[in-house]
Amino acid sequence: MRSPSVFPPWLRSEISARLGFPHPESAMAQAYDPNNIFAKILRGEAPCLKVYEDETALAFMDIMPRGDGHVVVVPKVAARNILDIAPADLARFMPAVQKVALAAKKGLNAEGVKIEQYNESASGQTVYHLHFHVLPRWADVALKPPGGPIVSADVLAPIAEKIRAAIAEG
Ligand code: 5GP
């Protein structure tokens, strides 16, 4: 068995980019697939119900919501998950997660907000572009399990509008 790399995945990517050829250890890391559904949404090749966008992030309604106001916030940089994003990119992106969490709580009169984020399939990740789940919470309403039924845009649109309005109010 090979000993673990001293280079985290994001640093291997940076080294590869600067060298112009793959870092020798990069084959050990899981590759980013640019054809994942969130990459397609970011490129405008697949639809979404957008609630927020800035230069670092896009936030949109989850189509299989685990509760009212379930939003996913994705960075615009290509990262498979939190294990391979460059720390500086993560730092630039995280305020968008906070902005959406605040707006979802305010816009939907939630009692709290749960943030979930999975890394690799063993943890529950199913879409391999980094994303944070923003889940408004009410103490007496249980979250549904992941992978539930797809909810139509007609049902999600008024909820998205409340979150957008809360963002606009600041
Ligand atoms: P993960 O399990 O990777 O943390 O979460 C992926 C999330 O993406 C799930 O909550 C799933 O419902 C959501 N999802 C999967 N495909 C689509 C899609 O095409 N559009 C939207 N808006 N959400 C999706």
# chains A, B, ... in the order shown; residues from 1 in each chain; ligands from 1
call {"tool": "closest_atom_pairs", "arguments": {"of": "chain A", "to": "ligand 1", "cutoff": "10 Å", "atoms": "only C-alpha atoms and all ligand atoms", "output": "Markdown table"}}
result
| residue | atom | partner | partner_atom_place_in_ligand_line | distance |
| --- | --- | --- | --- | --- |
| A:Asn36 | CA | ligand 1 | 16 (N) | 9.2 |
| A:Ile37 | CA | ligand 1 | 19 (O) | 5.8 |
| A:Phe38 | CA | ligand 1 | 18 (C) | 7.1 |
| A:Lys40 | CA | ligand 1 | 19 (O) | 9.0 |
| A:Ile41 | CA | ligand 1 | 20 (N) | 7.8 |
| A:Ala46 | CA | ligand 1 | 19 (O) | 7.4 |
| A:Pro47 | CA | ligand 1 | 20 (N) | 7.5 |
| A:Cys48 | CA | ligand 1 | 22 (N) | 5.5 |
| A:Leu49 | CA | ligand 1 | 22 (N) | 7.0 |
| A:Lys50 | CA | ligand 1 | 22 (N) | 8.8 |
| A:Ala59 | CA | ligand 1 | 22 (N) | 9.1 |
| A:Phe60 | CA | ligand 1 | 22 (N) | 6.1 |
| A:Met61 | CA | ligand 1 | 22 (N) | 5.2 |
| A:Asp62 | CA | ligand 1 | 22 (N) | 4.0 |
| A:Ile63 | CA | ligand 1 | 22 (N) | 4.4 |
| A:Met64 | CA | ligand 1 | 12 (O) | 4.0 |
| A:Pro65 | CA | ligand 1 | 12 (O) | 6.1 |
| A:Arg66 | CA | ligand 1 | 10 (O) | 7.4 |
| A:His70 | CA | ligand 1 | 10 (O) | 8.2 |
| A:Val71 | CA | ligand 1 | 22 (N) | 8.0 |
| A:Val72 | CA | ligand 1 | 7 (C) | 7.2 |
| A:Asn81 | CA | ligand 1 | 3 (O) | 9.2 |
| A:Glu116 | CA | ligand 1 | 4 (O) | 7.5 |
| A:Gln117 | CA | ligand 1 | 4 (O) | 5.9 |
| A:Tyr118 | CA | ligand 1 | 4 (O) | 5.1 |
| A:Asn119 | CA | ligand 1 | 4 (O) | 7.7 |
| A:Glu120 | CA | ligand 1 | 3 (O) | 8.3 |
| A:Ser121 | CA | ligand 1 | 3 (O) | 8.2 |
| A:Ser123 | CA | ligand 1 | 4 (O) | 8.5 |
| A:Gly124 | CA | ligand 1 | 2 (O) | 5.3 |
| A:Gln125 | CA | ligand 1 | 3 (O) | 3.6 |
| A:Thr126 | CA | ligand 1 | 3 (O) | 3.6 |
| A:Val127 | CA | ligand 1 | 3 (O) | 3.9 |
| A:Tyr128 | CA | ligand 1 | 3 (O) | 6.4 |
| A:His129 | CA | ligand 1 | 3 (O) | 7.8 |
| A:Leu130 | CA | ligand 1 | 3 (O) | 8.1 |
| A:His131 | CA | ligand 1 | 4 (O) | 6.8 |
| A:Phe132 | CA | ligand 1 | 4 (O) | 7.4 |
| A:His133 | CA | ligand 1 | 4 (O) | 7.1 |
| A:Pro145 | CA | ligand 1 | 10 (O) | 9.5 |
| A:Pro146 | CA | ligand 1 | 10 (O) | 6.1 |
| A:Gly147 | CA | ligand 1 | 12 (O) | 5.8 |
| A:Gly148 | CA | ligand 1 | 12 (O) | 7.3 |
| A:Pro149 | CA | ligand 1 | 12 (O) | 8.6 |
| A:Ile150 | CA | ligand 1 | 12 (O) | 7.7 |
| A:Val151 | CA | ligand 1 | 12 (O) | 9.7 |
| A:Ala153 | CA | ligand 1 | 22 (N) | 9.8 |
call {"tool": "write_last_selection", "arguments": {"atoms": "N, CA and C atoms", "output": "tab-separated table (two decimals), in the first residue's frame"}}
result
chain	number	residue	atom	x	y	z
A	36	ASN	N	-21.24	16.57	-14.45
A	36	ASN	CA	-22.20	16.37	-13.36
A	36	ASN	C	-23.33	17.40	-13.49
A	37	ILE	N	-24.49	17.10	-12.91
A	37	ILE	CA	-25.69	17.93	-13.14
A	37	ILE	C	-25.51	19.36	-12.62
A	38	PHE	N	-24.77	19.56	-11.52
A	38	PHE	CA	-24.61	20.93	-11.03
A	38	PHE	C	-23.69	21.75	-11.95
A	40	LYS	N	-23.62	21.33	-15.15
A	40	LYS	CA	-24.50	21.68	-16.28
A	40	LYS	C	-25.40	22.85	-15.91
A	41	ILE	N	-25.91	22.86	-14.68
A	41	ILE	CA	-26.75	23.98	-14.23
A	41	ILE	C	-25.91	25.26	-14.22
A	46	ALA	N	-28.64	23.07	-18.06
A	46	ALA	CA	-29.78	22.41	-17.41
A	46	ALA	C	-30.50	23.48	-16.58
A	47	PRO	N	-31.82	23.35	-16.43
A	47	PRO	CA	-32.58	24.40	-15.74
A	47	PRO	C	-32.45	24.31	-14.22
A	48	CYS	N	-32.74	25.43	-13.57
A	48	CYS	CA	-32.84	25.43	-12.11
A	48	CYS	C	-33.73	26.59	-11.70
A	49	LEU	N	-34.25	26.52	-10.47
A	49	LEU	CA	-35.00	27.64	-9.89
A	49	LEU	C	-34.02	28.40	-9.00
A	50	LYS	N	-33.46	29.45	-9.57
A	50	LYS	CA	-32.39	30.19	-8.88
A	50	LYS	C	-32.95	31.04	-7.74
A	59	ALA	N	-27.14	29.55	-6.05
A	59	ALA	CA	-28.02	28.83	-5.12
A	59	ALA	C	-29.36	28.60	-5.80
A	60	PHE	N	-29.88	27.37	-5.70
A	60	PHE	CA	-31.14	27.04	-6.36
A	60	PHE	C	-31.89	25.99	-5.56
A	61	MET	N	-33.20	25.88	-5.86
A	61	MET	CA	-34.04	24.94	-5.13
A	61	MET	C	-33.65	23.50	-5.46
A	62	ASP	N	-33.57	22.67	-4.42
A	62	ASP	CA	-33.34	21.24	-4.63
A	62	ASP	C	-34.64	20.63	-5.20
A	63	ILE	N	-34.51	19.83	-6.27
A	63	ILE	CA	-35.74	19.29	-6.88
A	63	ILE	C	-36.32	18.11	-6.11
A	64	MET	N	-35.55	17.56	-5.18
A	64	MET	CA	-36.11	16.49	-4.32
A	64	MET	C	-35.99	16.98	-2.87
A	65	PRO	N	-36.76	18.01	-2.53
A	65	PRO	CA	-36.53	18.68	-1.24
A	65	PRO	C	-36.83	17.78	-0.05
A	66	ARG	N	-36.00	17.94	0.96
A	66	ARG	CA	-36.20	17.18	2.20
A	66	ARG	C	-37.10	17.95	3.16
A	70	HIS	N	-35.74	23.82	0.89
A	70	HIS	CA	-34.44	23.13	0.72
A	70	HIS	C	-33.72	23.71	-0.50
A	71	VAL	N	-32.60	24.37	-0.24
A	71	VAL	CA	-31.80	25.02	-1.29
A	71	VAL	C	-30.42	24.38	-1.30
A	72	VAL	N	-29.81	24.27	-2.49
A	72	VAL	CA	-28.40	23.89	-2.55
A	72	VAL	C	-27.60	25.09	-3.03
A	81	ASN	N	-15.78	18.19	-4.06
A	81	ASN	CA	-16.37	18.34	-2.72
A	81	ASN	C	-15.39	19.13	-1.84
A	116	GLU	N	-26.09	20.97	5.63
A	116	GLU	CA	-25.49	19.63	5.47
A	116	GLU	C	-24.58	19.65	4.24
A	117	GLN	N	-23.53	18.85	4.30
A	117	GLN	CA	-22.56	18.81	3.20
A	117	GLN	C	-21.87	17.46	3.24
A	118	TYR	N	-21.91	16.72	2.11
A	118	TYR	CA	-21.40	15.34	2.07
A	118	TYR	C	-20.17	15.25	1.16
A	119	ASN	N	-19.29	14.32	1.50
A	119	ASN	CA	-18.04	14.16	0.74
A	119	ASN	C	-17.79	12.69	0.42
A	120	GLU	N	-17.98	12.36	-0.86
A	120	GLU	CA	-17.82	11.00	-1.42
A	120	GLU	C	-19.03	10.12	-1.03
A	121	SER	N	-19.19	9.04	-1.77
A	121	SER	CA	-20.43	8.26	-1.68
A	121	SER	C	-20.64	7.66	-0.29
A	123	SER	N	-20.34	8.95	2.41
A	123	SER	CA	-20.96	9.94	3.30
A	123	SER	C	-22.38	10.30	2.85
A	124	GLY	N	-22.76	9.86	1.65
A	124	GLY	CA	-24.09	10.18	1.12
A	124	GLY	C	-24.06	11.10	-0.08
A	125	GLN	N	-22.86	11.50	-0.54
A	125	GLN	CA	-22.81	12.40	-1.70
A	125	GLN	C	-23.28	11.67	-2.95
A	126	THR	N	-24.15	12.34	-3.71
A	126	THR	CA	-24.64	11.75	-4.96
A	126	THR	C	-24.33	12.63	-6.18
A	127	VAL	N	-24.13	13.93	-5.96
A	127	VAL	CA	-23.75	14.83	-7.05
A	127	VAL	C	-22.34	15.33	-6.74
A	128	TYR	N	-21.42	15.11	-7.70
A	128	TYR	CA	-20.01	15.35	-7.40
A	128	TYR	C	-19.51	16.72	-7.87
A	129	HIS	N	-20.25	17.73	-7.44
A	129	HIS	CA	-19.79	19.12	-7.47
A	129	HIS	C	-20.11	19.65	-6.08
A	130	LEU	N	-19.12	20.22	-5.42
A	130	LEU	CA	-19.31	20.67	-4.03
A	130	LEU	C	-20.62	21.44	-3.86
A	131	HIS	N	-21.36	21.12	-2.83
A	131	HIS	CA	-22.59	21.87	-2.53
A	131	HIS	C	-22.91	21.77	-1.05
A	132	PHE	N	-23.59	22.81	-0.59
A	132	PHE	CA	-24.08	22.86	0.79
A	132	PHE	C	-25.60	22.85	0.74
A	133	HIS	N	-26.21	21.95	1.50
A	133	HIS	CA	-27.66	21.93	1.63
A	133	HIS	C	-28.07	22.94	2.70
A	145	PRO	N	-36.28	11.88	4.19
A	145	PRO	CA	-34.99	11.28	3.79
A	145	PRO	C	-34.56	11.77	2.41
A	146	PRO	N	-33.25	11.71	2.10
A	146	PRO	CA	-32.79	12.11	0.77
A	146	PRO	C	-33.38	11.19	-0.30
A	147	GLY	N	-33.40	11.68	-1.55
A	147	GLY	CA	-33.84	10.85	-2.68
A	147	GLY	C	-35.34	10.72	-2.76
A	148	GLY	N	-36.06	11.68	-2.22
A	148	GLY	CA	-37.52	11.63	-2.26
A	148	GLY	C	-38.05	12.00	-3.63
A	149	PRO	N	-39.38	12.15	-3.76
A	149	PRO	CA	-39.95	12.45	-5.07
A	149	PRO	C	-39.54	13.82	-5.58
A	150	ILE	N	-39.49	13.94	-6.90
A	150	ILE	CA	-39.21	15.23	-7.53
A	150	ILE	C	-40.45	16.12	-7.36
A	151	VAL	N	-40.22	17.37	-6.95
A	151	VAL	CA	-41.32	18.32	-6.74
A	151	VAL	C	-41.31	19.31	-7.91
A	153	ALA	N	-41.77	22.53	-10.44
A	153	ALA	CA	-41.37	23.94	-10.36
A	153	ALA	C	-42.53	24.81	-9.89
call {"tool": "select_by_dssp", "arguments": {"residues": "segment 14-140 of chain A", "states": "strand (DSSP E)", "output": "number ranges by chain"}}
result
A: 50-53, 57-61, 71-75, 112-116, 132-137
call {"tool": "residues_around", "arguments": {"residues": "Ala165 of chain A", "least_positions_apart": "2", "cutoff": "12 Å", "atoms": "only C-alpha atoms", "output": "PyMOL selection string"}}
result
chain A and resi 51-52+100+102-108+158-163+167-170
call {"tool": "residues_around", "arguments": {"residues": "Trp138 of chain A", "least_positions_apart": "6", "cutoff": "8 Å", "atoms": "only C-alpha atoms", "output": "PDB file with C-alpha atoms, in the first residue's frame"}}
result
ATOM      1  CA  ALA A 110     -38.176  29.066  10.066  1.00  0.00           C
ATOM      2  CA  GLU A 111     -37.114  28.381  13.659  1.00  0.00           C
ATOM      3  CA  GLY A 112     -33.639  27.270  12.630  1.00  0.00           C
TER       4      GLY A 112
END
call {"tool": "closest_residue", "arguments": {"among": "A:Ala122, A:Asp84, A:Lys76, A:Glu55", "to": "Phe7 of chain A", "atoms": "only C-alpha atoms"}}
result
A:Asp84
call {"tool": "select_by_dssp", "arguments": {"residues": "segment 32-115 of chain A", "states": "alpha helix (DSSP H)", "output": "count of residues only"}}
result
27
call {"tool": "atom_distance", "arguments": {"atom1": "atom CA of Asn35 of chain A", "atom2": "atom CA of Arg164 of chain A"}}
result
27.8 Å
call {"tool": "atom_distance", "arguments": {"atom1": "atom CA of Ala139 of chain A", "atom2": "atom CA of Val113 of chain A"}}
result
10.5 Å
call {"tool": "residues_around", "arguments": {"residues": "Phe93 of chain A", "least_positions_apart": "2", "cutoff": "8 Å", "atoms": "only C-alpha atoms", "output": "count of residues only"}}
result
9
